[in-house]
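Asks: File name target.pdb; file contents PDB, C-alpha atoms and all ligand atoms; full text below.
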```pdb
MODEL        1
ATOM      1  CA  MET A   1       0.000   0.000   0.000
ATOM      2  CA  ASP A   2       1.272   3.476  -0.843
ATOM      3  CA  PHE A   3       0.909   5.637   2.257
ATOM      4  CA  GLY A   4       1.026   8.831   0.177
ATOM      5  CA  LEU A   5       3.913  10.272   2.172
ATOM      6  CA  SER A   6       6.495  10.723  -0.560
ATOM      7  CA  GLY A   7       8.040  14.191  -0.302
ATOM      8  CA  LYS A   8       6.776  14.815   3.236
ATOM      9  CA  ARG A   9       9.171  15.854   5.997
ATOM     10  CA  ALA A  10       9.286  14.382   9.491
ATOM     11  CA  LEU A  11      11.062  15.250  12.720
ATOM     12  CA  VAL A  12      11.616  12.140  14.828
ATOM     13  CA  LEU A  13      12.811  12.756  18.387
ATOM     14  CA  GLY A  14      14.899  10.071  20.094
ATOM     15  CA  ALA A  15      15.783   8.722  16.653
ATOM     16  CA  SER A  16      19.277   7.375  17.288
ATOM     17  CA  ARG A  17      18.210   3.897  18.383
ATOM     18  CA  GLY A  18      15.323   1.722  19.545
ATOM     19  CA  LEU A  19      11.772   2.732  18.700
ATOM     20  CA  GLY A  20      12.754   6.142  17.317
ATOM     21  CA  ALA A  21      15.281   4.636  14.898
ATOM     22  CA  ALA A  22      12.710   2.082  13.711
ATOM     23  CA  ILE A  23      10.123   4.832  13.185
ATOM     24  CA  ALA A  24      12.654   6.903  11.236
ATOM     25  CA  ALA A  25      13.451   3.887   9.029
ATOM     26  CA  ALA A  26       9.775   3.112   8.404
ATOM     27  CA  LEU A  27       9.044   6.704   7.401
ATOM     28  CA  ALA A  28      12.147   6.928   5.205
ATOM     29  CA  ALA A  29      11.022   3.756   3.409
ATOM     30  CA  GLU A  30       7.805   5.642   2.528
ATOM     31  CA  GLY A  31       9.797   8.423   0.864
ATOM     32  CA  VAL A  32       9.714  10.789   3.844
ATOM     33  CA  THR A  33      12.688  13.072   4.472
ATOM     34  CA  VAL A  34      13.441  12.304   8.108
ATOM     35  CA  LEU A  35      15.200  14.699  10.480
ATOM     36  CA  GLY A  36      16.406  12.448  13.276
ATOM     37  CA  ALA A  37      17.064  14.181  16.594
ATOM     38  CA  SER A  38      18.734  12.972  19.760
ATOM     39  CA  ARG A  39      21.754  13.837  21.865
ATOM     40  CA  SER A  40      23.879  11.997  19.313
ATOM     41  CA  GLY A  41      21.859  12.579  16.140
ATOM     42  CA  ASP A  42      22.263  14.735  13.035
ATOM     43  CA  TYR A  43      19.817  17.123  14.670
ATOM     44  CA  THR A  44      21.328  17.385  18.120
ATOM     45  CA  VAL A  45      18.983  17.946  21.037
ATOM     46  CA  ASP A  46      19.016  17.269  24.739
ATOM     47  CA  LEU A  47      15.357  17.165  25.731
ATOM     48  CA  ALA A  48      16.413  17.802  29.345
ATOM     49  CA  ASP A  49      17.841  21.199  28.367
ATOM     50  CA  LYS A  50      15.459  24.045  27.440
ATOM     51  CA  ALA A  51      18.087  25.963  25.447
ATOM     52  CA  SER A  52      18.907  22.900  23.412
ATOM     53  CA  VAL A  53      15.194  22.313  22.697
ATOM     54  CA  ALA A  54      14.826  25.969  21.635
ATOM     55  CA  ALA A  55      17.807  25.638  19.273
ATOM     56  CA  LEU A  56      16.307  22.536  17.641
ATOM     57  CA  ILE A  57      12.974  24.318  17.198
ATOM     58  CA  ASP A  58      14.685  27.319  15.552
ATOM     59  CA  LYS A  59      16.611  25.087  13.182
ATOM     60  CA  VAL A  60      13.625  23.010  12.087
ATOM     61  CA  ARG A  61      11.331  26.034  11.705
ATOM     62  CA  THR A  62      13.939  27.868   9.647
ATOM     63  CA  GLU A  63      14.194  24.869   7.341
ATOM     64  CA  GLY A  64      10.441  25.094   6.679
ATOM     65  CA  GLY A  65       9.038  22.926   9.445
ATOM     66  CA  VAL A  66       7.747  19.400   9.079
ATOM     67  CA  ASP A  67       4.548  17.582   8.129
ATOM     68  CA  ILE A  68       5.039  14.773  10.639
ATOM     69  CA  LEU A  69       6.280  15.090  14.209
ATOM     70  CA  VAL A  70       7.144  12.005  16.228
ATOM     71  CA  ASN A  71       7.387  12.854  19.918
ATOM     72  CA  ASN A  72       9.676  10.322  21.528
ATOM     73  CA  SER A  73      12.203  10.535  24.362
ATOM     74  CA  GLY A  74      14.319   8.408  26.621
ATOM     75  CA  GLY A  75      12.435   6.766  29.486
ATOM     76  CA  PRO A  76      12.911   7.809  33.136
ATOM     77  CA  LYS A  77      14.620   5.759  35.816
ATOM     78  CA  ALA A  78      12.702   2.915  37.383
ATOM     79  CA  GLY A  79      11.384   3.205  40.939
ATOM     80  CA  PRO A  80       8.296   3.226  43.150
ATOM     81  CA  ALA A  81       5.762   6.041  43.569
ATOM     82  CA  GLN A  82       6.831   6.543  47.180
ATOM     83  CA  GLY A  83       9.964   8.443  48.099
ATOM     84  CA  GLN A  84      10.800  10.068  44.770
ATOM     85  CA  ALA A  85      12.503  13.446  45.138
ATOM     86  CA  THR A  86      10.533  16.410  43.825
ATOM     87  CA  ALA A  87      13.500  17.259  41.614
ATOM     88  CA  ASP A  88      13.203  13.854  39.936
ATOM     89  CA  TRP A  89       9.485  14.332  39.242
ATOM     90  CA  VAL A  90      10.189  17.761  37.746
ATOM     91  CA  ALA A  91      13.129  16.510  35.673
ATOM     92  CA  ALA A  92      11.107  13.617  34.247
ATOM     93  CA  PHE A  93       8.201  15.926  33.462
ATOM     94  CA  GLU A  94      10.398  18.518  31.759
ATOM     95  CA  THR A  95      12.381  15.985  29.737
ATOM     96  CA  MET A  96       9.494  13.772  28.632
ATOM     97  CA  ALA A  97       6.508  16.116  28.597
ATOM     98  CA  THR A  98       7.018  19.889  28.501
ATOM     99  CA  SER A  99       9.920  19.678  26.028
ATOM    100  CA  LEU A 100       7.659  17.691  23.659
ATOM    101  CA  TYR A 101       4.798  20.145  24.184
ATOM    102  CA  ALA A 102       7.174  23.008  23.274
ATOM    103  CA  VAL A 103       8.401  21.337  20.084
ATOM    104  CA  THR A 104       4.835  20.509  19.056
ATOM    105  CA  ASP A 105       3.540  24.033  19.726
ATOM    106  CA  ALA A 106       6.362  25.561  17.726
ATOM    107  CA  LEU A 107       5.907  23.294  14.705
ATOM    108  CA  LEU A 108       2.095  23.410  14.579
ATOM    109  CA  PRO A 109       1.686  26.801  12.804
ATOM    110  CA  GLN A 110       3.490  25.529   9.681
ATOM    111  CA  MET A 111       1.292  22.392   9.675
ATOM    112  CA  ILE A 112      -1.814  24.568  10.015
ATOM    113  CA  GLU A 113      -0.668  26.655   7.031
ATOM    114  CA  ARG A 114      -0.301  23.483   4.942
ATOM    115  CA  LYS A 115      -3.609  22.034   6.219
ATOM    116  CA  PHE A 116      -1.814  18.763   6.918
ATOM    117  CA  GLY A 117      -0.079  17.419   9.963
ATOM    118  CA  ARG A 118       0.596  14.252  11.911
ATOM    119  CA  ILE A 119       1.634  14.403  15.558
ATOM    120  CA  ILE A 120       2.419  10.980  16.933
ATOM    121  CA  THR A 121       3.627  10.520  20.487
ATOM    122  CA  VAL A 122       5.288   7.388  21.805
ATOM    123  CA  GLY A 123       3.755   6.441  25.159
ATOM    124  CA  SER A 124       3.738   3.170  27.043
ATOM    125  CA  SER A 125       1.375   0.365  27.983
ATOM    126  CA  GLY A 126       1.679   1.999  31.430
ATOM    127  CA  VAL A 127      -0.738   4.716  30.279
ATOM    128  CA  VAL A 128      -3.508   2.098  30.266
ATOM    129  CA  ALA A 129      -2.155  -0.349  32.852
ATOM    130  CA  PRO A 130       0.413   1.321  35.140
ATOM    131  CA  ILE A 131       3.542  -0.827  35.461
ATOM    132  CA  ALA A 132       4.767  -1.683  38.986
ATOM    133  CA  GLY A 133       8.115  -0.061  39.723
ATOM    134  CA  LEU A 134       7.899   2.510  36.908
ATOM    135  CA  ALA A 135       6.137   5.322  38.774
ATOM    136  CA  LEU A 136       7.837   8.235  37.001
ATOM    137  CA  SER A 137       6.993   6.783  33.612
ATOM    138  CA  ASN A 138       3.380   5.933  34.538
ATOM    139  CA  ALA A 139       2.716   9.381  35.980
ATOM    140  CA  VAL A 140       4.328  11.529  33.302
ATOM    141  CA  ARG A 141       2.861   9.527  30.426
ATOM    142  CA  GLY A 142      -0.605   9.850  31.929
ATOM    143  CA  ALA A 143      -0.178  13.620  31.706
ATOM    144  CA  ILE A 144       1.038  13.338  28.116
ATOM    145  CA  ALA A 145      -2.054  11.289  27.220
ATOM    146  CA  GLY A 146      -4.309  14.067  28.538
ATOM    147  CA  TRP A 147      -2.357  16.664  26.562
ATOM    148  CA  SER A 148      -2.435  14.625  23.347
ATOM    149  CA  LYS A 149      -6.188  14.057  23.518
ATOM    150  CA  THR A 150      -6.883  17.735  24.242
ATOM    151  CA  LEU A 151      -4.669  18.872  21.376
ATOM    152  CA  ALA A 152      -6.311  16.416  18.960
ATOM    153  CA  ALA A 153      -9.673  18.140  19.373
ATOM    154  CA  GLU A 154      -8.113  21.596  18.938
ATOM    155  CA  VAL A 155      -6.376  20.969  15.614
ATOM    156  CA  ALA A 156      -8.544  18.361  13.839
ATOM    157  CA  LYS A 157     -10.219  21.096  11.786
ATOM    158  CA  HIS A 158      -6.834  21.912  10.212
ATOM    159  CA  GLY A 159      -6.302  18.415   8.819
ATOM    160  CA  ILE A 160      -3.917  17.571  11.645
ATOM    161  CA  THR A 161      -4.210  14.295  13.528
ATOM    162  CA  VAL A 162      -2.775  13.729  17.006
ATOM    163  CA  ASN A 163      -2.355  10.188  18.275
ATOM    164  CA  MET A 164      -0.353   8.090  20.708
ATOM    165  CA  VAL A 165       1.200   4.685  20.172
ATOM    166  CA  LEU A 166       1.689   2.537  23.251
ATOM    167  CA  PRO A 167       4.537   0.007  23.197
ATOM    168  CA  GLY A 168       4.214  -3.056  25.384
ATOM    169  CA  ARG A 169       7.615  -4.737  25.433
ATOM    170  CA  ILE A 170       9.561  -4.069  22.269
ATOM    171  CA  ASP A 171      13.119  -5.399  22.148
ATOM    172  CA  THR A 172      15.288  -2.268  22.559
ATOM    173  CA  ASP A 173      18.205  -1.117  24.734
ATOM    174  CA  ARG A 174      15.729   0.401  27.186
ATOM    175  CA  VAL A 175      13.833  -2.843  27.708
ATOM    176  CA  ARG A 176      17.083  -4.805  28.014
ATOM    177  CA  GLU A 177      18.272  -2.343  30.690
ATOM    178  CA  LEU A 178      14.967  -2.608  32.577
ATOM    179  CA  ASP A 179      15.154  -6.421  32.469
ATOM    180  CA  GLN A 180      18.727  -6.322  33.753
ATOM    181  CA  GLY A 181      17.691  -3.948  36.545
ATOM    182  CA  LYS A 182      14.830  -6.220  37.568
ATOM    183  CA  ALA A 183      17.106  -9.256  37.545
ATOM    184  CA  GLY A 184      19.530  -7.420  39.830
ATOM    185  CA  ARG A 185      16.801  -6.288  42.235
ATOM    186  CA  THR A 186      15.122  -9.697  42.453
ATOM    187  CA  GLY A 187      18.272 -11.814  42.461
ATOM    188  CA  THR A 188      17.280 -13.754  39.333
ATOM    189  CA  SER A 189      18.872 -14.049  35.914
ATOM    190  CA  VAL A 190      17.985 -11.778  32.993
ATOM    191  CA  GLU A 191      16.865 -14.895  31.109
ATOM    192  CA  ALA A 192      14.392 -15.737  33.898
ATOM    193  CA  VAL A 193      13.033 -12.172  33.860
ATOM    194  CA  GLN A 194      12.635 -12.306  30.082
ATOM    195  CA  GLU A 195      10.911 -15.680  30.189
ATOM    196  CA  ALA A 196       8.416 -14.468  32.800
ATOM    197  CA  SER A 197       7.800 -11.427  30.637
ATOM    198  CA  ARG A 198       7.222 -13.495  27.512
ATOM    199  CA  ASN A 199       4.805 -15.713  29.440
ATOM    200  CA  ASP A 200       2.771 -12.590  30.235
ATOM    201  CA  ILE A 201       2.460 -11.628  26.557
ATOM    202  CA  PRO A 202      -0.212 -13.519  24.593
ATOM    203  CA  ALA A 203       1.985 -13.338  21.464
ATOM    204  CA  GLY A 204       4.669 -15.167  23.492
ATOM    205  CA  ARG A 205       7.494 -12.845  22.510
ATOM    206  CA  TYR A 206       8.787  -9.288  22.696
ATOM    207  CA  GLY A 207       7.924  -7.059  19.755
ATOM    208  CA  ARG A 208      10.439  -6.067  17.107
ATOM    209  CA  PRO A 209      11.180  -2.346  16.683
ATOM    210  CA  GLU A 210      10.182  -2.546  13.005
ATOM    211  CA  GLU A 211       6.728  -3.809  14.013
ATOM    212  CA  PHE A 212       6.360  -0.647  16.058
ATOM    213  CA  GLY A 213       7.736   1.610  13.316
ATOM    214  CA  ALA A 214       5.245   0.221  10.803
ATOM    215  CA  VAL A 215       2.289   1.221  12.983
ATOM    216  CA  VAL A 216       3.624   4.751  13.354
ATOM    217  CA  ALA A 217       4.092   4.977   9.580
ATOM    218  CA  PHE A 218       0.455   3.959   9.127
ATOM    219  CA  LEU A 219      -0.717   6.660  11.545
ATOM    220  CA  ALA A 220       1.335   9.163   9.540
ATOM    221  CA  SER A 221      -0.256   8.021   6.290
ATOM    222  CA  GLN A 222      -2.887   9.732   4.174
ATOM    223  CA  GLN A 223      -5.094   6.682   4.810
ATOM    224  CA  ALA A 224      -5.134   7.405   8.568
ATOM    225  CA  SER A 225      -6.582  10.895   8.033
ATOM    226  CA  TYR A 226      -9.692  10.176  10.150
ATOM    227  CA  VAL A 227      -7.804   8.600  13.084
ATOM    228  CA  THR A 228      -7.208  11.206  15.757
ATOM    229  CA  GLY A 229      -7.267  11.440  19.540
ATOM    230  CA  SER A 230      -6.538   7.709  19.662
ATOM    231  CA  MET A 231      -4.109   5.543  21.554
ATOM    232  CA  LEU A 232      -2.987   2.496  19.633
ATOM    233  CA  ARG A 233      -1.427  -0.422  21.500
ATOM    234  CA  VAL A 234       1.481  -2.319  19.983
ATOM    235  CA  ASP A 235       1.869  -4.922  22.694
ATOM    236  CA  GLY A 236       1.223  -8.446  21.390
ATOM    237  CA  GLY A 237      -1.911  -8.446  23.560
ATOM    238  CA  MET A 238       0.007  -7.748  26.798
ATOM    239  CA  ILE A 239      -2.421  -5.206  28.271
ATOM    240  CA  LYS A 240      -5.143  -7.269  29.896
ATOM    241  CA  GLY A 241      -7.876  -4.608  30.096
ATOM    242  CA  LEU A 242     -10.180  -3.452  27.311
TER
HETATM  243  N1  LIG A 301      10.747  -0.371  24.144
HETATM  244  C1  LIG A 301       9.595  -0.560  24.739
HETATM  245  O1  LIG A 301       9.012  -1.645  24.701
HETATM  246  C2  LIG A 301       8.957   0.569  25.500
HETATM  247  C3  LIG A 301       7.849   0.264  26.314
HETATM  248  C4  LIG A 301       7.216   1.305  26.982
HETATM  249  C5  LIG A 301       7.679   2.599  26.855
HETATM  250  N2  LIG A 301       8.775   2.853  26.057
HETATM  251  C6  LIG A 301       9.221   4.226  25.955
HETATM  252  O2  LIG A 301       9.398   4.607  24.598
HETATM  253  C7  LIG A 301      10.495   5.528  24.501
HETATM  254  C8  LIG A 301      11.524   4.985  23.512
HETATM  255  O3  LIG A 301      11.870   3.700  23.962
HETATM  256  P1  LIG A 301      13.152   2.901  23.447
HETATM  257  O4  LIG A 301      12.949   1.534  23.943
HETATM  258  O5  LIG A 301      13.392   3.153  22.005
HETATM  259  O6  LIG A 301      14.290   3.628  24.309
HETATM  260  P2  LIG A 301      15.874   3.680  24.075
HETATM  261  O7  LIG A 301      16.319   2.452  23.385
HETATM  262  O8  LIG A 301      16.431   3.999  25.418
HETATM  263  O9  LIG A 301      16.080   4.946  23.094
HETATM  264  C9  LIG A 301      15.811   6.227  23.580
HETATM  265  C10 LIG A 301      16.088   7.260  22.510
HETATM  266  O10 LIG A 301      15.887   8.554  23.091
HETATM  267  C11 LIG A 301      17.079   9.324  22.966
HETATM  268  N3  LIG A 301      17.229  10.136  24.171
HETATM  269  C12 LIG A 301      17.400   9.691  25.432
HETATM  270  N4  LIG A 301      17.513  10.730  26.271
HETATM  271  C13 LIG A 301      17.437  11.853  25.503
HETATM  272  C14 LIG A 301      17.526  13.247  25.780
HETATM  273  N5  LIG A 301      17.717  13.715  27.028
HETATM  274  N6  LIG A 301      17.421  14.113  24.760
HETATM  275  C15 LIG A 301      17.241  13.672  23.492
HETATM  276  N7  LIG A 301      17.144  12.378  23.164
HETATM  277  C16 LIG A 301      17.257  11.474  24.170
HETATM  278  C17 LIG A 301      18.190   8.315  22.781
HETATM  279  O11 LIG A 301      19.258   8.846  22.006
HETATM  280  P3  LIG A 301      20.600   9.511  22.600
HETATM  281  O12 LIG A 301      21.046   8.656  23.741
HETATM  282  O13 LIG A 301      21.486   9.504  21.411
HETATM  283  O14 LIG A 301      20.209  10.894  23.013
HETATM  284  C18 LIG A 301      17.499   7.232  21.969
HETATM  285  O15 LIG A 301      17.490   7.572  20.605
HETATM  286  C19 LIG A 301      11.082   5.663  25.909
HETATM  287  O16 LIG A 301      10.510   6.801  26.528
HETATM  288  C20 LIG A 301      10.583   4.409  26.612
HETATM  289  O17 LIG A 301      10.485   4.566  27.996
HETATM  290  C21 LIG A 301       9.414   1.870  25.396
ENDMDL
END
```
Just give me the structure as structure tokens.
Ligand SMILES: NC(=O)c1ccc[n+]([C@@H]2O[C@H](COP(=O)([O-])OP(=O)(O)OC[C@H]3O[C@@H](n4cnc5c(N)ncnc54)[C@H](OP(=O)(O)O)[C@@H]3O)[C@@H](O)[C@H]2O)c1
Replies:
Amino acid sequence: MDFGLSGKRALVLGASRGLGAAIAAALAAEGVTVLGASRSGDYTVDLADKASVAALIDKVRTEGGVDILVNNSGGPKAGPAQGQATADWVAAFETMATSLYAVTDALLPQMIERKFGRIITVGSSGVVAPIAGLALSNAVRGAIAGWSKTLAAEVAKHGITVNMVLPGRIDTDRVRELDQGKAGRTGTSVEAVQEASRNDIPAGRYGRPEEFGAVVAFLASQQASYVTGSMLRVDGGMIKGL
């Protein structure tokens, strides 16, 4: 199927590896010119640093903006809801939420002018089913979900869709690190942690980054023009609730 994206431009945040890299590859395969941003990318940005975010915004706006924005970031440290320092809550919120809101706000006017836009934010299964031991992630992503849904209603009349994609357990550096951390905390092997995880996923395996990238490419497509304000799970059936 031709997604009708040839000649479009996309900014993908957190594009140097994992889900962001797979999204960038999927969009590029559809003929999209992809600007990949991360601390080590061609478009350098540290989402924890307001000045760095402002510099990225200036650069992308000066180059004419983008048609597709993929809001993605590194995940926060693991830990319980109790006992987190206020500074850690604020840092997670600024790095994962307000920096993405700022980039989106700044790039929206050029999408509105073109009467086309796709804003796709990478969330987590934790938005629907909070994950034990990932309190910072659960809390901040819940806020992002509220923002994304509110924005979707504001800009739909301009031909701009705003959606979230929720990964379950996709095989990336981040998930490998979390599995290693859990193995260390529980005194088991990484293999045992991974096996327990696989047993909890109806598909019986972790997802592949390219399976995630393909779903994002679909949401960016012309065909997905009437899908907005949605959250799409890519989790092999892991989330148990409706
Ligand atoms: N993989 C999953 O199954 C899964 C499940 C639930 C939620 N998630 C969430 O989805 C997001 C992406 O996951 P992933 O598995 O692809 O993670 P990952 O493998 O850790 O990749 C994170 C990406 O974000 C970039 N990044 C990290 N900190 C950054 C910063 N301060 N400024 C700019 N870029 C930064 C990294 O590049 P540099 O290091 O080069 O900056 C990298 O490209 C994360 O928020 C993660 O928590 C993933």
Asks: Under the rule that only C-alpha atoms are counted, which of A:Asp88, A:Ser230, A:Ser225, A:Ala139 is the nearest residue to A:Leu151?
Replies: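 Looking at the shortest contact to A:Leu151, the residue is A:Ser230.
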Asks: Could you pull out the residues sitting within 7 Å of ligand LIG 301 (chain A), using all atoms listed in the file, and write them as a PyMOL selection string?
Replies: chain A and resi 13-21+37-41+45-48+72-76+95+122-125+137+166-175
Asks: Determine the residue set returned by the PyMOL selection byres (((chain A and resi 63) around 12) and not hetatm) for the present structure, and present it as a PyMOL selection string.
Replies: chain A and resi 9-11+35+56-62+64-66+107+110
Asks: Based on the selection just made, write C-alpha atoms of those residues as a PDB file, in the coordinates of the input.
Replies:
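Below is the file out11.pdb, written as the result:
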```pdb
ATOM      1  CA  ARG A   9       9.171  15.854   5.997  1.00  0.00           C
ATOM      2  CA  ALA A  10       9.286  14.382   9.491  1.00  0.00           C
ATOM      3  CA  LEU A  11      11.062  15.250  12.720  1.00  0.00           C
ATOM      4  CA  LEU A  35      15.200  14.699  10.480  1.00  0.00           C
ATOM      5  CA  LEU A  56      16.307  22.536  17.641  1.00  0.00           C
ATOM      6  CA  ILE A  57      12.974  24.318  17.198  1.00  0.00           C
ATOM      7  CA  ASP A  58      14.685  27.319  15.552  1.00  0.00           C
ATOM      8  CA  LYS A  59      16.611  25.087  13.182  1.00  0.00           C
ATOM      9  CA  VAL A  60      13.625  23.010  12.087  1.00  0.00           C
ATOM     10  CA  ARG A  61      11.331  26.034  11.705  1.00  0.00           C
ATOM     11  CA  THR A  62      13.939  27.868   9.647  1.00  0.00           C
ATOM     12  CA  GLY A  64      10.441  25.094   6.679  1.00  0.00           C
ATOM     13  CA  GLY A  65       9.038  22.926   9.445  1.00  0.00           C
ATOM     14  CA  VAL A  66       7.747  19.400   9.079  1.00  0.00           C
ATOM     15  CA  LEU A 107       5.907  23.294  14.705  1.00  0.00           C
ATOM     16  CA  GLN A 110       3.490  25.529   9.681  1.00  0.00           C
TER      17      GLN A 110
END
```
Asks: Just give me the gap between atom CA of A:Gly146 and atom CA of A:Leu100 in Å, one decimal is fine.
Replies: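 Computing the Euclidean distance for atom CA of A:Gly146 and atom CA of A:Leu100 yields 13.4 Å.
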Asks: Taking 6 positions as the minimum chain separation for residues in the same chain, which residues sit within 6 Å of A:Met164 when counting all atoms listed in the file? Answer as a ChimeraX atom specification.
Replies: /A:120-122,231
Asks: Take the PyMOL selection byres (((chain A and resi 206) around 9) and not hetatm), apply it to the structure above, and return the hits as a list in words.
Replies: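 Against this file, the PyMOL selection byres (((chain A and resi 206) around 9) and not hetatm) returns the residues Gly168, Arg169, Ile170, Asp171, Gln194, Ser197, Arg198, Ile201, Ala203, Gly204, Arg205, Gly207, Arg208, Asp235 and Gly236 of chain A.
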Asks: Applied to this file, what does the PyMOL selection byres (((chain A and resi 210-217) around 7) and not hetatm) return in terms of residues, put as an MDAnalysis selection string?
Replies: chainID A and resid 19 22:23 26:27 207:209 218:221 234
Asks: Could you tell me how far atom CA of A:Asn163 lies from atom CA of A:Ala145, in Å and to one decimal?
Replies: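 These atoms are spaced 9.0 Å apart.
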Asks: So which one's closest to A:Lys77, A:Glu195, A:Asp200, A:Glu94, A:Glu177? Using all atoms listed in the file, please.
Replies: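 Among the listed residues, the smallest separation from A:Lys77 belongs to A:Glu177.
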Asks: Can you tell me how far atom CA of A:Val227 sits from atom CA of A:Gly36, in Å to one decimal?
Replies: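 Between atom CA of A:Val227 and atom CA of A:Gly36 the gap is 24.5 Å.
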Asks: If we count only C-alpha atoms and set the cut-off at 10 Å, which residues sit around A:Ala102, ignoring sequence neighbours fewer than 3 positions away in its own chain? Please answer as a PyMOL selection string.
Replies: chain A and resi 50+53-54+57+97-99+105-107
Asks: With all atoms listed in the file as the counted atoms, please give the residues lying no more than 10 Å from A:Trp89, apart from itself and same-chain residues fewer than 2 positions off, as a ChimeraX atom specification.
Replies: /A:76,84-87,91-94,135-137,139-140
Asks: Compare A:Gly31, A:Gly7, A:Pro80, A:Pro202 by their minimum atom-to-atom distance to A:Ala132, counting all atoms listed in the file, and give me the closest one.
Replies: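 The shortest atom-to-atom distance to A:Ala132 comes from A:Pro80.
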Asks: For stretch 124-143 of chain A, supply N, CA and C atoms and format the output as a short mmCIF file (atom, residue, chain, number, x, y, z; two decimals), keeping the file's coordinate frame.
Replies:
```cif
data_model
loop_
_atom_site.label_atom_id
_atom_site.label_comp_id
_atom_site.auth_asym_id
_atom_site.auth_seq_id
_atom_site.Cartn_x
_atom_site.Cartn_y
_atom_site.Cartn_z
N SER A 124 3.38 4.45 26.42
CA SER A 124 3.74 3.17 27.04
C SER A 124 2.45 2.45 27.39
N SER A 125 2.54 1.13 27.49
CA SER A 125 1.38 0.36 27.98
C SER A 125 0.98 0.87 29.37
N GLY A 126 1.94 1.48 30.08
CA GLY A 126 1.68 2.00 31.43
C GLY A 126 0.64 3.10 31.47
N VAL A 127 0.33 3.71 30.32
CA VAL A 127 -0.74 4.72 30.28
C VAL A 127 -2.08 4.04 30.59
N VAL A 128 -2.24 2.82 30.10
CA VAL A 128 -3.51 2.10 30.27
C VAL A 128 -3.46 1.21 31.52
N ALA A 129 -2.32 0.57 31.73
CA ALA A 129 -2.15 -0.35 32.85
C ALA A 129 -0.83 -0.03 33.53
N PRO A 130 -0.84 0.91 34.52
CA PRO A 130 0.41 1.32 35.14
C PRO A 130 1.29 0.14 35.54
N ILE A 131 2.60 0.28 35.27
CA ILE A 131 3.54 -0.83 35.46
C ILE A 131 4.20 -0.68 36.83
N ALA A 132 4.15 -1.73 37.65
CA ALA A 132 4.77 -1.68 38.99
C ALA A 132 6.24 -1.33 38.86
N GLY A 133 6.70 -0.41 39.71
CA GLY A 133 8.12 -0.06 39.72
C GLY A 133 8.53 0.94 38.65
N LEU A 134 7.57 1.48 37.91
CA LEU A 134 7.90 2.51 36.91
C LEU A 134 7.03 3.75 37.15
N ALA A 135 7.06 4.25 38.38
CA ALA A 135 6.14 5.32 38.77
C ALA A 135 6.34 6.60 37.97
N LEU A 136 7.60 6.98 37.74
CA LEU A 136 7.84 8.24 37.00
C LEU A 136 7.25 8.11 35.60
N SER A 137 7.50 7.00 34.96
CA SER A 137 6.99 6.78 33.61
C SER A 137 5.47 6.78 33.60
N ASN A 138 4.85 6.02 34.50
CA ASN A 138 3.38 5.93 34.54
C ASN A 138 2.76 7.32 34.71
N ALA A 139 3.32 8.09 35.63
CA ALA A 139 2.72 9.38 35.98
C ALA A 139 2.89 10.40 34.87
N VAL A 140 4.09 10.51 34.34
CA VAL A 140 4.33 11.53 33.30
C VAL A 140 3.57 11.17 32.02
N ARG A 141 3.54 9.90 31.68
CA ARG A 141 2.86 9.53 30.43
C ARG A 141 1.35 9.70 30.54
N GLY A 142 0.82 9.56 31.75
CA GLY A 142 -0.60 9.85 31.93
C GLY A 142 -0.90 11.30 31.59
N ALA A 143 -0.01 12.19 32.01
CA ALA A 143 -0.18 13.62 31.71
C ALA A 143 -0.07 13.86 30.20
#
```
